[in-house]
$ cat upload01.tsv   # TSV, C-alpha atoms
chain	number	residue	atom	x	y	z
A	1	MET	CA	-21.29	60.28	37.05
A	2	GLU	CA	-17.57	60.37	36.22
A	3	ILE	CA	-15.86	57.31	37.69
A	4	PHE	CA	-12.08	57.04	38.01
A	5	ASP	CA	-10.86	53.47	38.24
A	6	ILE	CA	-7.84	53.87	40.51
A	7	SER	CA	-6.90	50.17	40.68
A	8	LEU	CA	-3.72	48.64	39.27
A	9	GLU	CA	-4.08	45.84	36.78
A	10	ILE	CA	-3.21	42.40	38.17
A	11	ALA	CA	-0.85	40.62	35.77
A	12	GLU	CA	2.21	38.39	35.99
A	13	ASP	CA	4.44	41.28	34.91
A	14	MET	CA	2.90	43.92	37.18
A	15	PRO	CA	5.22	46.06	39.32
A	16	THR	CA	5.83	44.78	42.84
A	17	TYR	CA	7.23	46.33	46.01
A	18	ARG	CA	10.91	47.11	45.26
A	19	GLY	CA	10.64	44.86	42.21
A	20	ARG	CA	10.54	41.67	44.27
A	21	LYS	CA	10.02	38.70	41.94
A	22	GLU	CA	8.46	36.47	44.61
A	23	LYS	CA	5.67	39.00	44.95
A	24	LYS	CA	4.60	38.71	41.30
A	25	PRO	CA	1.23	36.99	40.92
A	26	ARG	CA	0.70	33.75	39.01
A	27	ILE	CA	-2.26	33.57	36.67
A	28	GLU	CA	-2.92	30.07	35.30
A	29	ARG	CA	-5.78	28.99	33.07
A	30	VAL	CA	-7.04	25.80	34.71
A	31	ARG	CA	-9.88	25.07	32.28
A	32	THR	CA	-10.60	26.19	28.73
A	33	LEU	CA	-13.67	26.87	26.63
A	34	GLU	CA	-13.06	23.56	24.80
A	35	GLU	CA	-13.36	21.85	28.18
A	36	GLY	CA	-16.57	23.76	28.97
A	37	ALA	CA	-15.55	27.19	30.25
A	38	ASN	CA	-12.52	29.40	30.73
A	39	GLU	CA	-11.43	29.32	34.38
A	40	THR	CA	-8.30	30.72	35.98
A	41	ARG	CA	-6.35	30.26	39.18
A	42	LEU	CA	-4.83	33.39	40.67
A	43	THR	CA	-1.97	33.30	43.18
A	44	LEU	CA	-1.51	36.71	44.72
A	45	GLU	CA	0.03	38.12	47.87
A	46	THR	CA	-2.17	40.24	50.10
A	47	HIS	CA	0.16	43.25	49.74
A	48	THR	CA	0.66	43.20	45.96
A	49	GLY	CA	-1.01	45.73	43.66
A	50	THR	CA	-3.89	47.86	44.88
A	51	HIS	CA	-4.54	46.60	48.40
A	52	ILE	CA	-5.59	47.52	51.92
A	53	ASP	CA	-3.51	46.87	55.04
A	54	ALA	CA	-5.32	45.52	58.10
A	55	PRO	CA	-3.92	46.37	61.54
A	56	LEU	CA	-2.84	42.69	61.73
A	57	HIS	CA	-0.24	43.45	59.03
A	58	MET	CA	1.92	45.27	61.57
A	59	LEU	CA	0.37	44.92	65.04
A	60	PRO	CA	0.15	41.80	67.24
A	61	LEU	CA	-3.30	40.30	67.91
A	62	ALA	CA	-4.87	43.06	65.84
A	63	THR	CA	-7.92	43.29	63.60
A	64	SER	CA	-7.89	41.31	60.37
A	65	ILE	CA	-9.27	42.63	57.08
A	66	ASP	CA	-12.53	40.63	57.29
A	67	GLN	CA	-13.31	42.16	60.69
A	68	ILE	CA	-13.39	45.74	59.41
A	69	PRO	CA	-16.92	46.88	58.46
A	70	LEU	CA	-17.37	47.89	54.83
A	71	SER	CA	-18.38	51.41	55.93
A	72	GLN	CA	-14.70	52.00	56.79
A	73	PHE	CA	-13.74	51.61	53.13
A	74	ILE	CA	-16.22	54.15	51.77
A	75	GLY	CA	-16.40	57.91	52.18
A	76	PRO	CA	-15.42	61.39	51.02
A	77	ALA	CA	-11.82	61.77	49.93
A	78	VAL	CA	-9.46	64.54	48.98
A	79	VAL	CA	-6.74	63.89	46.42
A	80	LEU	CA	-3.70	66.02	47.24
A	81	GLU	CA	-1.02	66.45	44.60
A	82	ILE	CA	2.41	66.82	46.23
A	83	ARG	CA	5.24	66.70	43.70
A	84	ASN	CA	9.03	67.00	43.78
A	85	ARG	CA	9.43	65.56	47.28
A	86	PRO	CA	11.43	62.40	48.09
A	87	ALA	CA	9.18	61.88	51.11
A	88	ILE	CA	6.12	63.57	52.57
A	89	ASN	CA	6.79	65.20	55.92
A	90	ARG	CA	4.56	66.99	58.39
A	91	GLU	CA	5.54	70.39	56.92
A	92	ASP	CA	4.36	69.30	53.47
A	93	LEU	CA	0.91	68.62	54.94
A	94	VAL	CA	0.45	71.80	56.98
A	95	PRO	CA	-0.59	73.90	53.91
A	96	PHE	CA	-3.37	71.34	53.29
A	97	GLU	CA	-4.53	71.13	56.91
A	98	HIS	CA	-8.00	72.52	56.09
A	99	PHE	CA	-8.53	69.47	53.81
A	100	LEU	CA	-7.71	66.93	56.53
A	101	LEU	CA	-11.32	66.55	57.68
A	102	PRO	CA	-12.78	64.09	60.20
A	103	GLY	CA	-14.23	61.01	58.50
A	104	HIS	CA	-12.49	61.79	55.21
A	105	PHE	CA	-9.83	59.89	53.30
A	106	VAL	CA	-6.70	61.65	52.10
A	107	LEU	CA	-5.09	60.26	48.96
A	108	PHE	CA	-1.57	61.31	48.02
A	109	LYS	CA	-0.70	61.82	44.38
A	110	THR	CA	3.07	62.11	44.20
A	111	ASP	CA	5.90	61.53	41.74
A	112	ASN	CA	5.17	57.80	42.20
A	113	SER	CA	2.23	58.25	39.83
A	114	PHE	CA	4.66	59.15	37.05
A	115	THR	CA	7.45	56.61	37.62
A	116	ASP	CA	8.04	52.85	37.81
A	117	LEU	CA	6.34	51.48	40.93
A	118	SER	CA	9.12	48.86	41.32
A	119	ARG	CA	11.64	51.54	42.34
A	120	ASP	CA	13.41	51.36	45.70
A	121	ASP	CA	13.29	55.12	46.23
A	122	PHE	CA	9.54	55.68	46.04
A	123	VAL	CA	7.93	58.66	47.74
A	124	TYR	CA	6.76	57.62	51.21
A	125	LEU	CA	5.10	59.08	54.29
A	126	THR	CA	7.49	59.85	57.13
A	127	GLU	CA	6.81	59.28	60.82
A	128	SER	CA	6.12	63.01	61.30
A	129	ALA	CA	3.52	62.93	58.52
A	130	ALA	CA	1.89	59.82	60.01
A	131	THR	CA	1.70	61.41	63.45
A	132	PHE	CA	0.14	64.58	62.00
A	133	LEU	CA	-2.40	62.58	59.97
A	134	SER	CA	-3.29	60.33	62.90
A	135	GLN	CA	-4.43	63.39	64.89
A	136	LYS	CA	-7.03	64.45	62.31
A	137	SER	CA	-9.75	61.78	62.86
A	138	LEU	CA	-9.43	60.75	59.23
A	139	LYS	CA	-11.09	57.55	58.05
A	140	GLY	CA	-7.98	56.57	56.15
A	141	ILE	CA	-5.21	57.45	53.76
A	142	GLY	CA	-4.17	56.17	50.36
A	143	VAL	CA	-0.87	56.28	48.52
A	144	ASP	CA	0.25	55.84	44.93
A	145	ALA	CA	3.21	53.64	46.00
A	146	LEU	CA	3.20	49.92	46.80
A	147	GLY	CA	4.17	50.77	50.37
A	148	VAL	CA	3.34	53.65	52.69
A	149	GLU	CA	6.96	53.67	53.92
A	150	ARG	CA	10.29	52.22	52.73
A	151	ASN	CA	10.81	49.54	55.39
A	152	GLN	CA	11.85	52.09	58.03
A	153	PRO	CA	13.12	50.30	61.17
A	154	GLY	CA	10.11	49.39	63.32
A	155	HIS	CA	7.71	50.54	60.56
A	156	PRO	CA	6.69	53.72	62.45
A	157	THR	CA	4.46	55.08	59.65
A	158	HIS	CA	2.45	51.88	59.39
A	159	ARG	CA	2.20	51.52	63.17
A	160	ILE	CA	1.11	55.08	63.85
A	161	LEU	CA	-1.55	55.01	61.15
A	162	LEU	CA	-2.87	51.53	62.01
A	163	GLU	CA	-2.79	52.14	65.78
A	164	GLY	CA	-4.68	55.38	65.07
A	165	GLY	CA	-7.47	53.38	63.43
A	166	LEU	CA	-6.82	54.70	59.93
A	167	VAL	CA	-7.45	52.52	56.90
A	168	VAL	CA	-4.25	52.32	54.83
A	169	VAL	CA	-4.71	51.83	51.10
A	170	GLU	CA	-1.61	51.22	48.97
A	171	GLY	CA	-1.04	50.91	45.23
A	172	LEU	CA	-3.60	53.46	44.06
A	173	PHE	CA	-3.44	54.48	40.41
A	174	LEU	CA	-3.88	58.24	40.61
A	175	ARG	CA	-2.03	59.46	37.49
A	176	ASP	CA	-5.16	60.62	35.69
A	177	VAL	CA	-7.00	61.97	38.75
A	178	PRO	CA	-6.94	65.77	39.22
A	179	GLN	CA	-6.43	67.16	42.72
A	180	GLY	CA	-9.81	67.71	44.36
A	181	LEU	CA	-12.74	66.28	46.30
A	182	TYR	CA	-14.27	62.91	45.53
A	183	PHE	CA	-16.33	60.07	46.90
A	184	PHE	CA	-14.04	57.07	47.45
A	185	VAL	CA	-14.75	53.34	47.50
A	186	ALA	CA	-12.03	50.69	47.98
A	187	LEU	CA	-13.29	47.16	48.52
A	188	PRO	CA	-10.86	44.50	49.76
A	189	LEU	CA	-11.51	40.79	49.30
A	190	LYS	CA	-13.03	39.38	52.48
A	191	ILE	CA	-10.16	37.07	53.44
A	192	ARG	CA	-10.79	35.42	56.81
A	193	GLY	CA	-7.94	36.38	59.14
A	194	GLY	CA	-6.25	38.39	56.37
A	195	ASP	CA	-3.44	40.82	57.27
A	196	GLY	CA	-4.61	42.76	54.23
A	197	ALA	CA	-6.30	42.06	50.94
A	198	PRO	CA	-6.19	42.98	47.27
A	199	ALA	CA	-8.83	45.57	46.49
A	200	ARG	CA	-10.62	47.32	43.67
A	201	ALA	CA	-11.02	51.06	44.17
A	202	PHE	CA	-12.69	53.98	42.47
A	203	LEU	CA	-13.34	57.69	42.87
A	204	VAL	CA	-16.43	59.63	41.82
A	205	ARG	CA	-16.39	63.42	41.54
A	206	ILE	CA	-18.55	65.22	44.09
B	1	MET	CA	-26.48	54.70	55.56
B	2	GLU	CA	-27.25	51.02	56.13
B	3	ILE	CA	-24.71	48.87	54.31
B	4	PHE	CA	-25.23	45.16	53.69
B	5	ASP	CA	-22.00	43.29	53.07
B	6	ILE	CA	-23.16	40.61	50.63
B	7	SER	CA	-19.77	38.98	50.08
B	8	LEU	CA	-18.81	35.46	51.13
B	9	GLU	CA	-15.81	35.07	53.39
B	10	ILE	CA	-12.73	33.64	51.65
B	11	ALA	CA	-11.30	30.78	53.72
B	12	GLU	CA	-9.75	27.38	53.08
B	13	ASP	CA	-12.95	25.67	54.25
B	14	MET	CA	-15.38	27.90	52.33
B	15	PRO	CA	-18.08	26.22	50.23
B	16	THR	CA	-17.20	25.68	46.57
B	17	TYR	CA	-19.23	24.88	43.45
B	18	ARG	CA	-20.67	21.39	44.00
B	19	GLY	CA	-18.22	20.94	46.86
B	20	ARG	CA	-15.21	20.59	44.57
B	21	LYS	CA	-12.05	20.34	46.66
B	22	GLU	CA	-9.73	21.64	43.91
B	23	LYS	CA	-11.68	24.89	44.00
B	24	LYS	CA	-10.91	25.57	47.66
B	25	PRO	CA	-8.53	28.49	48.14
B	26	ARG	CA	-5.12	28.22	49.78
B	27	ILE	CA	-4.18	30.87	52.30
B	28	GLU	CA	-0.54	30.71	53.42
B	29	ARG	CA	1.24	33.09	55.76
B	30	VAL	CA	4.51	33.85	53.93
B	31	ARG	CA	5.97	36.28	56.49
B	32	THR	CA	5.26	36.89	60.15
B	33	LEU	CA	5.37	39.84	62.50
B	34	GLU	CA	8.60	38.44	63.99
B	35	GLU	CA	10.09	38.69	60.50
B	36	GLY	CA	8.82	42.27	60.14
B	37	ALA	CA	5.19	42.05	59.08
B	38	ASN	CA	2.38	39.56	58.57
B	39	GLU	CA	1.97	38.80	54.86
B	40	THR	CA	-0.14	36.16	53.17
B	41	ARG	CA	-0.30	34.44	49.81
B	42	LEU	CA	-3.76	33.70	48.49
B	43	THR	CA	-4.43	31.10	45.80
B	44	LEU	CA	-7.96	31.46	44.53
B	45	GLU	CA	-9.88	30.49	41.41
B	46	THR	CA	-11.67	33.24	39.53
B	47	HIS	CA	-15.06	31.52	39.99
B	48	THR	CA	-14.84	30.68	43.70
B	49	GLY	CA	-16.82	32.61	46.31
B	50	THR	CA	-18.41	35.95	45.49
B	51	HIS	CA	-17.30	36.64	41.92
B	52	ILE	CA	-18.21	38.16	38.59
B	53	ASP	CA	-18.21	36.27	35.29
B	54	ALA	CA	-16.75	38.03	32.27
B	55	PRO	CA	-18.11	37.14	28.82
B	56	LEU	CA	-14.75	35.38	28.24
B	57	HIS	CA	-15.82	32.75	30.80
B	58	MET	CA	-18.21	31.21	28.27
B	59	LEU	CA	-17.81	32.96	24.91
B	60	PRO	CA	-14.87	32.76	22.47
B	61	LEU	CA	-12.77	35.90	21.90
B	62	ALA	CA	-15.00	37.79	24.31
B	63	THR	CA	-14.44	40.61	26.78
B	64	SER	CA	-12.28	39.92	29.81
B	65	ILE	CA	-13.05	41.24	33.29
B	66	ASP	CA	-10.47	44.07	33.15
B	67	GLN	CA	-12.05	45.42	29.94
B	68	ILE	CA	-15.44	46.08	31.53
B	69	PRO	CA	-15.77	49.66	32.83
B	70	LEU	CA	-16.43	49.98	36.55
B	71	SER	CA	-19.74	51.75	35.85
B	72	GLN	CA	-21.11	48.35	34.79
B	73	PHE	CA	-20.66	47.02	38.32
B	74	ILE	CA	-22.55	49.83	40.06
B	75	GLY	CA	-26.22	50.76	39.98
B	76	PRO	CA	-29.73	50.40	41.37
B	77	ALA	CA	-30.76	46.85	42.23
B	78	VAL	CA	-33.86	45.01	43.26
B	79	VAL	CA	-33.58	42.00	45.55
B	80	LEU	CA	-36.36	39.52	44.71
B	81	GLU	CA	-37.11	36.76	47.18
B	82	ILE	CA	-38.29	33.63	45.36
B	83	ARG	CA	-38.55	30.61	47.67
B	84	ASN	CA	-39.60	26.98	47.33
B	85	ARG	CA	-38.54	26.61	43.71
B	86	PRO	CA	-35.90	24.10	42.51
B	87	ALA	CA	-35.16	26.47	39.61
B	88	ILE	CA	-36.31	29.90	38.50
B	89	ASN	CA	-38.26	29.86	35.26
B	90	ARG	CA	-39.75	32.60	33.12
B	91	GLU	CA	-43.13	32.16	34.81
B	92	ASP	CA	-41.60	32.82	38.22
B	93	LEU	CA	-40.35	36.18	36.95
B	94	VAL	CA	-43.51	37.43	35.24
B	95	PRO	CA	-45.13	38.59	38.53
B	96	PHE	CA	-42.03	40.76	39.14
B	97	GLU	CA	-41.85	42.15	35.61
B	98	HIS	CA	-42.45	45.75	36.78
B	99	PHE	CA	-39.20	45.49	38.83
B	100	LEU	CA	-37.09	44.42	35.85
B	101	LEU	CA	-36.07	47.96	34.92
B	102	PRO	CA	-33.54	49.13	32.30
B	103	GLY	CA	-30.13	49.78	33.83
B	104	HIS	CA	-30.99	47.97	37.03
B	105	PHE	CA	-29.55	44.84	38.60
B	106	VAL	CA	-31.82	42.01	39.71
B	107	LEU	CA	-30.56	39.90	42.61
B	108	PHE	CA	-32.23	36.59	43.39
B	109	LYS	CA	-32.65	35.53	46.98
B	110	THR	CA	-33.67	31.87	46.92
B	111	ASP	CA	-33.51	28.79	49.12
B	112	ASN	CA	-29.74	28.82	48.39
B	113	SER	CA	-29.43	31.57	50.98
B	114	PHE	CA	-30.58	29.14	53.66
B	115	THR	CA	-28.72	25.96	52.67
B	116	ASP	CA	-25.19	24.67	52.12
B	117	LEU	CA	-23.71	26.33	49.02
B	118	SER	CA	-21.75	23.14	48.22
B	119	ARG	CA	-24.96	21.30	47.25
B	120	ASP	CA	-25.36	19.83	43.78
B	121	ASP	CA	-29.05	20.69	43.59
B	122	PHE	CA	-28.83	24.46	44.08
B	123	VAL	CA	-31.53	26.76	42.76
B	124	TYR	CA	-30.52	28.00	39.30
B	125	LEU	CA	-31.84	30.18	36.49
B	126	THR	CA	-33.26	28.23	33.57
B	127	GLU	CA	-32.84	29.10	29.90
B	128	SER	CA	-36.36	30.54	29.78
B	129	ALA	CA	-35.58	32.83	32.71
B	130	ALA	CA	-32.32	33.96	31.09
B	131	THR	CA	-34.08	34.74	27.82
B	132	PHE	CA	-36.75	36.75	29.64
B	133	LEU	CA	-34.15	38.67	31.68
B	134	SER	CA	-31.98	39.36	28.63
B	135	GLN	CA	-34.86	41.23	26.99
B	136	LYS	CA	-35.21	43.76	29.82
B	137	SER	CA	-32.09	45.94	29.24
B	138	LEU	CA	-30.89	45.13	32.74
B	139	LYS	CA	-27.35	46.02	33.75
B	140	GLY	CA	-26.88	42.63	35.34
B	141	ILE	CA	-28.12	39.87	37.58
B	142	GLY	CA	-26.84	38.32	40.78
B	143	VAL	CA	-27.48	34.96	42.40
B	144	ASP	CA	-27.04	33.47	45.84
B	145	ALA	CA	-25.56	30.25	44.39
B	146	LEU	CA	-21.98	29.60	43.28
B	147	GLY	CA	-23.25	29.12	39.73
B	148	VAL	CA	-26.06	30.68	37.73
B	149	GLU	CA	-26.90	27.26	36.25
B	150	ARG	CA	-26.07	23.62	37.08
B	151	ASN	CA	-23.73	22.83	34.17
B	152	GLN	CA	-26.62	22.54	31.69
B	153	PRO	CA	-25.34	21.21	28.31
B	154	GLY	CA	-24.01	24.16	26.32
B	155	HIS	CA	-24.46	26.49	29.32
B	156	PRO	CA	-27.49	28.27	27.79
B	157	THR	CA	-28.18	30.48	30.85
B	158	HIS	CA	-24.62	31.79	30.96
B	159	ARG	CA	-24.48	32.28	27.21
B	160	ILE	CA	-27.80	34.10	26.91
B	161	LEU	CA	-27.00	36.47	29.78
B	162	LEU	CA	-23.41	37.16	28.72
B	163	GLU	CA	-24.28	37.52	25.02
B	164	GLY	CA	-27.00	39.94	26.13
B	165	GLY	CA	-24.38	42.12	27.79
B	166	LEU	CA	-25.55	41.44	31.34
B	167	VAL	CA	-23.08	41.37	34.20
B	168	VAL	CA	-23.38	38.03	36.02
B	169	VAL	CA	-22.55	38.05	39.73
B	170	GLU	CA	-22.42	34.74	41.57
B	171	GLY	CA	-21.97	33.78	45.21
B	172	LEU	CA	-23.87	36.69	46.79
B	173	PHE	CA	-24.64	36.42	50.49
B	174	LEU	CA	-28.25	37.60	50.64
B	175	ARG	CA	-29.58	35.75	53.71
B	176	ASP	CA	-29.96	38.90	55.82
B	177	VAL	CA	-31.12	41.22	53.04
B	178	PRO	CA	-34.87	41.95	52.88
B	179	GLN	CA	-36.58	42.04	49.50
B	180	GLY	CA	-36.56	45.58	48.15
B	181	LEU	CA	-34.71	48.32	46.30
B	182	TYR	CA	-31.05	49.10	46.89
B	183	PHE	CA	-27.95	50.66	45.43
B	184	PHE	CA	-25.53	47.90	44.45
B	185	VAL	CA	-21.75	47.87	44.13
B	186	ALA	CA	-19.73	44.74	43.23
B	187	LEU	CA	-16.08	45.33	42.47
B	188	PRO	CA	-14.05	42.53	40.86
B	189	LEU	CA	-10.27	42.41	41.03
B	190	LYS	CA	-8.81	43.89	37.85
B	191	ILE	CA	-7.19	40.72	36.50
B	192	ARG	CA	-5.70	41.29	33.05
B	193	GLY	CA	-7.37	38.89	30.62
B	194	GLY	CA	-9.48	37.41	33.42
B	195	ASP	CA	-12.48	35.21	32.55
B	196	GLY	CA	-13.93	36.47	35.81
B	197	ALA	CA	-12.67	37.69	39.15
B	198	PRO	CA	-13.33	37.45	42.87
B	199	ALA	CA	-15.28	40.46	44.05
B	200	ARG	CA	-16.44	42.32	47.13
B	201	ALA	CA	-20.04	43.48	46.98
B	202	PHE	CA	-22.44	45.54	49.03
B	203	LEU	CA	-25.95	46.94	49.01
B	204	VAL	CA	-27.16	50.25	50.44
B	205	ARG	CA	-30.85	50.91	51.04
B	206	ILE	CA	-32.36	53.62	48.82
$ encode --input "upload01.tsv" --output "structure tokens"
Amino acid sequence: MEIFDISLEIAEDMPTYRGRKEKKPRIERVRTLEEGANETRLTLETHTGTHIDAPLHMLPLATSIDQIPLSQFIGPAVVLEIRNRPAINREDLVPFEHFLLPGHFVLFKTDNSFTDLSRDDFVYLTESAATFLSQKSLKGIGVDALGVERNQPGHPTHRILLEGGLVVVEGLFLRDVPQGLYFFVALPLKIRGGDGAPARAFLVRI
Amino acid sequence: MEIFDISLEIAEDMPTYRGRKEKKPRIERVRTLEEGANETRLTLETHTGTHIDAPLHMLPLATSIDQIPLSQFIGPAVVLEIRNRPAINREDLVPFEHFLLPGHFVLFKTDNSFTDLSRDDFVYLTESAATFLSQKSLKGIGVDALGVERNQPGHPTHRILLEGGLVVVEGLFLRDVPQGLYFFVALPLKIRGGDGAPARAFLVRI
């Protein structure tokens, strides 16, 4: 069983959305082996690193991350490699339409996987792409950027995907994953009332 | 596919090891929908709630959580229900010896699953139990307490299990899980240099 760990490392110097310093985690050792055991306190935002957005992130009175059953975070996935595009539009997806299968995840491997994730001009999903994807009865989508869109006014990409019931996974580390079919697992921390949560994710070849 | 979510909810009022207040998480909303999106900052210790201990928790110069391959956190598991015992000793395990299989996880469902996890007198694994388990080539063990032992001098249970290469998962929510065989997944956050990490875990019937 070949397992691809597609999670970003959590560290104080990890890349954050548009390089924002206030989004860097803090990792403090609060107890040492000399005192009995090594123990650490982690301070981390829910949308830093590899994480999952809950509908509550962008929609009023919506579902929080702890209310989504674990079965929604597990399933078959296709990794699509789409390079040399500043953004992914509907027309970039049409050639792959036969891979956009009900109950599947679609993970986008773009130029983000080969550049600094702190960049402002990361590859994102446009509103037209989100609308197209939301009509395919997918279980969810995943991106190799720290955001699924670049703060577009009104956040249409987020809203369309989350209103469509899709799970949105951001910050996937896909550099070493070949295009193809996989079984996908992405488990968010079960934060009560969370608008999202940090997650650990992997792919297994099927 | 029946999935059991065996993770504790992360909340400011969640139970902590021996009820320690300084181990309670902080969950602060740092941005709201009116400001563009709901976003939260989580402050959480590595050994609070459902979590995995790395060898670095108890052993000098040992492996940290990010250095353990994901394959170590996935595999067949047996849930053993052992009730009405203040601690689990070697002799409590002998009747189940045929379930202690190489490469498997063993998860202990005890009276902890039916009481307050903040209690001082939780059911723990004794040194004799740890020694017995460490000789079975298991992949790991999991407990339904917030610690695998009650701060025994020198932490023999932790040391024996971690030196034996077993993955130690604490804070599993097993109340609703019948004794039996399962497939187990417990994914810790990938904290660089972490002595452990919060995790999300599930079981699937096999």
$ atom_distance --input "upload01.tsv" --atom1 "atom CA of B:Lys136" --atom2 "atom CA of B:Gly75"
15.3 Å
$ interface_residues --input "upload01.tsv" --of "chain A" --to "chain B" --cutoff "9 Å" --atoms "only C-alpha atoms" --output "short mmCIF file (atom, residue, chain, number, x, y, z; two decimals) with C-alpha atoms, in the frame of the given file"
data_model
loop_
_atom_site.label_atom_id
_atom_site.label_comp_id
_atom_site.auth_asym_id
_atom_site.auth_seq_id
_atom_site.Cartn_x
_atom_site.Cartn_y
_atom_site.Cartn_z
CA MET A 1 -21.29 60.28 37.05
CA GLU A 2 -17.57 60.37 36.22
CA ILE A 3 -15.86 57.31 37.69
CA PHE A 4 -12.08 57.04 38.01
CA ASP A 5 -10.86 53.47 38.24
CA SER A 7 -6.90 50.17 40.68
CA LEU A 8 -3.72 48.64 39.27
CA GLU A 9 -4.08 45.84 36.78
CA ILE A 10 -3.21 42.40 38.17
CA ALA A 11 -0.85 40.62 35.77
CA GLU A 12 2.21 38.39 35.99
CA LYS A 23 5.67 39.00 44.95
CA ARG A 26 0.70 33.75 39.01
CA ILE A 27 -2.26 33.57 36.67
CA VAL A 30 -7.04 25.80 34.71
CA THR A 32 -10.60 26.19 28.73
CA LEU A 33 -13.67 26.87 26.63
CA GLY A 36 -16.57 23.76 28.97
CA ALA A 37 -15.55 27.19 30.25
CA ASN A 38 -12.52 29.40 30.73
CA GLU A 39 -11.43 29.32 34.38
CA THR A 40 -8.30 30.72 35.98
CA ARG A 41 -6.35 30.26 39.18
CA LEU A 42 -4.83 33.39 40.67
CA THR A 43 -1.97 33.30 43.18
CA LEU A 44 -1.51 36.71 44.72
CA GLU A 45 0.03 38.12 47.87
CA THR A 46 -2.17 40.24 50.10
CA HIS A 47 0.16 43.25 49.74
CA LEU A 56 -2.84 42.69 61.73
CA HIS A 57 -0.24 43.45 59.03
CA MET A 58 1.92 45.27 61.57
CA LEU A 59 0.37 44.92 65.04
CA PRO A 60 0.15 41.80 67.24
CA ASP A 66 -12.53 40.63 57.29
CA PRO A 69 -16.92 46.88 58.46
CA LEU A 70 -17.37 47.89 54.83
CA SER A 71 -18.38 51.41 55.93
CA ASN A 151 10.81 49.54 55.39
CA GLY A 154 10.11 49.39 63.32
CA HIS A 155 7.71 50.54 60.56
CA ALA A 186 -12.03 50.69 47.98
CA LEU A 187 -13.29 47.16 48.52
CA PRO A 188 -10.86 44.50 49.76
CA LEU A 189 -11.51 40.79 49.30
CA LYS A 190 -13.03 39.38 52.48
CA ILE A 191 -10.16 37.07 53.44
CA ARG A 192 -10.79 35.42 56.81
CA GLY A 193 -7.94 36.38 59.14
CA GLY A 194 -6.25 38.39 56.37
CA ASP A 195 -3.44 40.82 57.27
CA GLY A 196 -4.61 42.76 54.23
CA ALA A 197 -6.30 42.06 50.94
CA PRO A 198 -6.19 42.98 47.27
CA ALA A 199 -8.83 45.57 46.49
CA ARG A 200 -10.62 47.32 43.67
CA ALA A 201 -11.02 51.06 44.17
CA PHE A 202 -12.69 53.98 42.47
#
$ residues_around --input "upload01.tsv" --residues "A:Leu161" --least-positions-apart "4" --cutoff "9 Å" --atoms "only C-alpha atoms" --output "list in words"
Pro55, Ala130, Thr131, Leu133, Ser134, Gly140, Ile141, Pro156, Thr157, Gly165, Leu166, Val167 and Val168 of chain A
$ atom_distance --input "upload01.tsv" --atom1 "atom CA of A:Leu138" --atom2 "atom CA of A:Pro95"
16.7 Å
$ residues_around --input "upload01.tsv" --residues "A:Lys109" --least-positions-apart "5" --cutoff "12 Å" --atoms "only C-alpha atoms" --output "PDB file with C-alpha atoms, in the frame of the given file"
ATOM      1  CA  ILE A   6      -7.840  53.870  40.510  1.00  0.00           C
ATOM      2  CA  VAL A  78      -9.460  64.540  48.980  1.00  0.00           C
ATOM      3  CA  VAL A  79      -6.740  63.890  46.420  1.00  0.00           C
ATOM      4  CA  LEU A  80      -3.700  66.020  47.240  1.00  0.00           C
ATOM      5  CA  GLU A  81      -1.020  66.450  44.600  1.00  0.00           C
ATOM      6  CA  ILE A  82       2.410  66.820  46.230  1.00  0.00           C
ATOM      7  CA  ARG A  83       5.240  66.700  43.700  1.00  0.00           C
ATOM      8  CA  ASN A  84       9.030  67.000  43.780  1.00  0.00           C
ATOM      9  CA  ARG A  85       9.430  65.560  47.280  1.00  0.00           C
ATOM     10  CA  ALA A  87       9.180  61.880  51.110  1.00  0.00           C
ATOM     11  CA  ILE A  88       6.120  63.570  52.570  1.00  0.00           C
ATOM     12  CA  PHE A 114       4.660  59.150  37.050  1.00  0.00           C
ATOM     13  CA  THR A 115       7.450  56.610  37.620  1.00  0.00           C
ATOM     14  CA  VAL A 123       7.930  58.660  47.740  1.00  0.00           C
ATOM     15  CA  TYR A 124       6.760  57.620  51.210  1.00  0.00           C
ATOM     16  CA  LEU A 125       5.100  59.080  54.290  1.00  0.00           C
ATOM     17  CA  ILE A 141      -5.210  57.450  53.760  1.00  0.00           C
ATOM     18  CA  GLY A 142      -4.170  56.170  50.360  1.00  0.00           C
ATOM     19  CA  VAL A 143      -0.870  56.280  48.520  1.00  0.00           C
ATOM     20  CA  ASP A 144       0.250  55.840  44.930  1.00  0.00           C
ATOM     21  CA  ALA A 145       3.210  53.640  46.000  1.00  0.00           C
ATOM     22  CA  GLU A 170      -1.610  51.220  48.970  1.00  0.00           C
ATOM     23  CA  GLY A 171      -1.040  50.910  45.230  1.00  0.00           C
ATOM     24  CA  LEU A 172      -3.600  53.460  44.060  1.00  0.00           C
ATOM     25  CA  PHE A 173      -3.440  54.480  40.410  1.00  0.00           C
ATOM     26  CA  LEU A 174      -3.880  58.240  40.610  1.00  0.00           C
ATOM     27  CA  ARG A 175      -2.030  59.460  37.490  1.00  0.00           C
ATOM     28  CA  ASP A 176      -5.160  60.620  35.690  1.00  0.00           C
ATOM     29  CA  VAL A 177      -7.000  61.970  38.750  1.00  0.00           C
ATOM     30  CA  PRO A 178      -6.940  65.770  39.220  1.00  0.00           C
ATOM     31  CA  GLN A 179      -6.430  67.160  42.720  1.00  0.00           C
ATOM     32  CA  GLY A 180      -9.810  67.710  44.360  1.00  0.00           C
TER      33      GLY A 180
END
$ atom_distance --input "upload01.tsv" --atom1 "atom CA of B:Asn89" --atom2 "atom CA of B:Ala129"
4.7 Å
$ residues_around --input "upload01.tsv" --residues "A:Ser118" --least-positions-apart "3" --cutoff "10 Å" --atoms "only C-alpha atoms" --output "PyMOL selection string"
chain A and resi 14-20+112+115+121-122+145-146
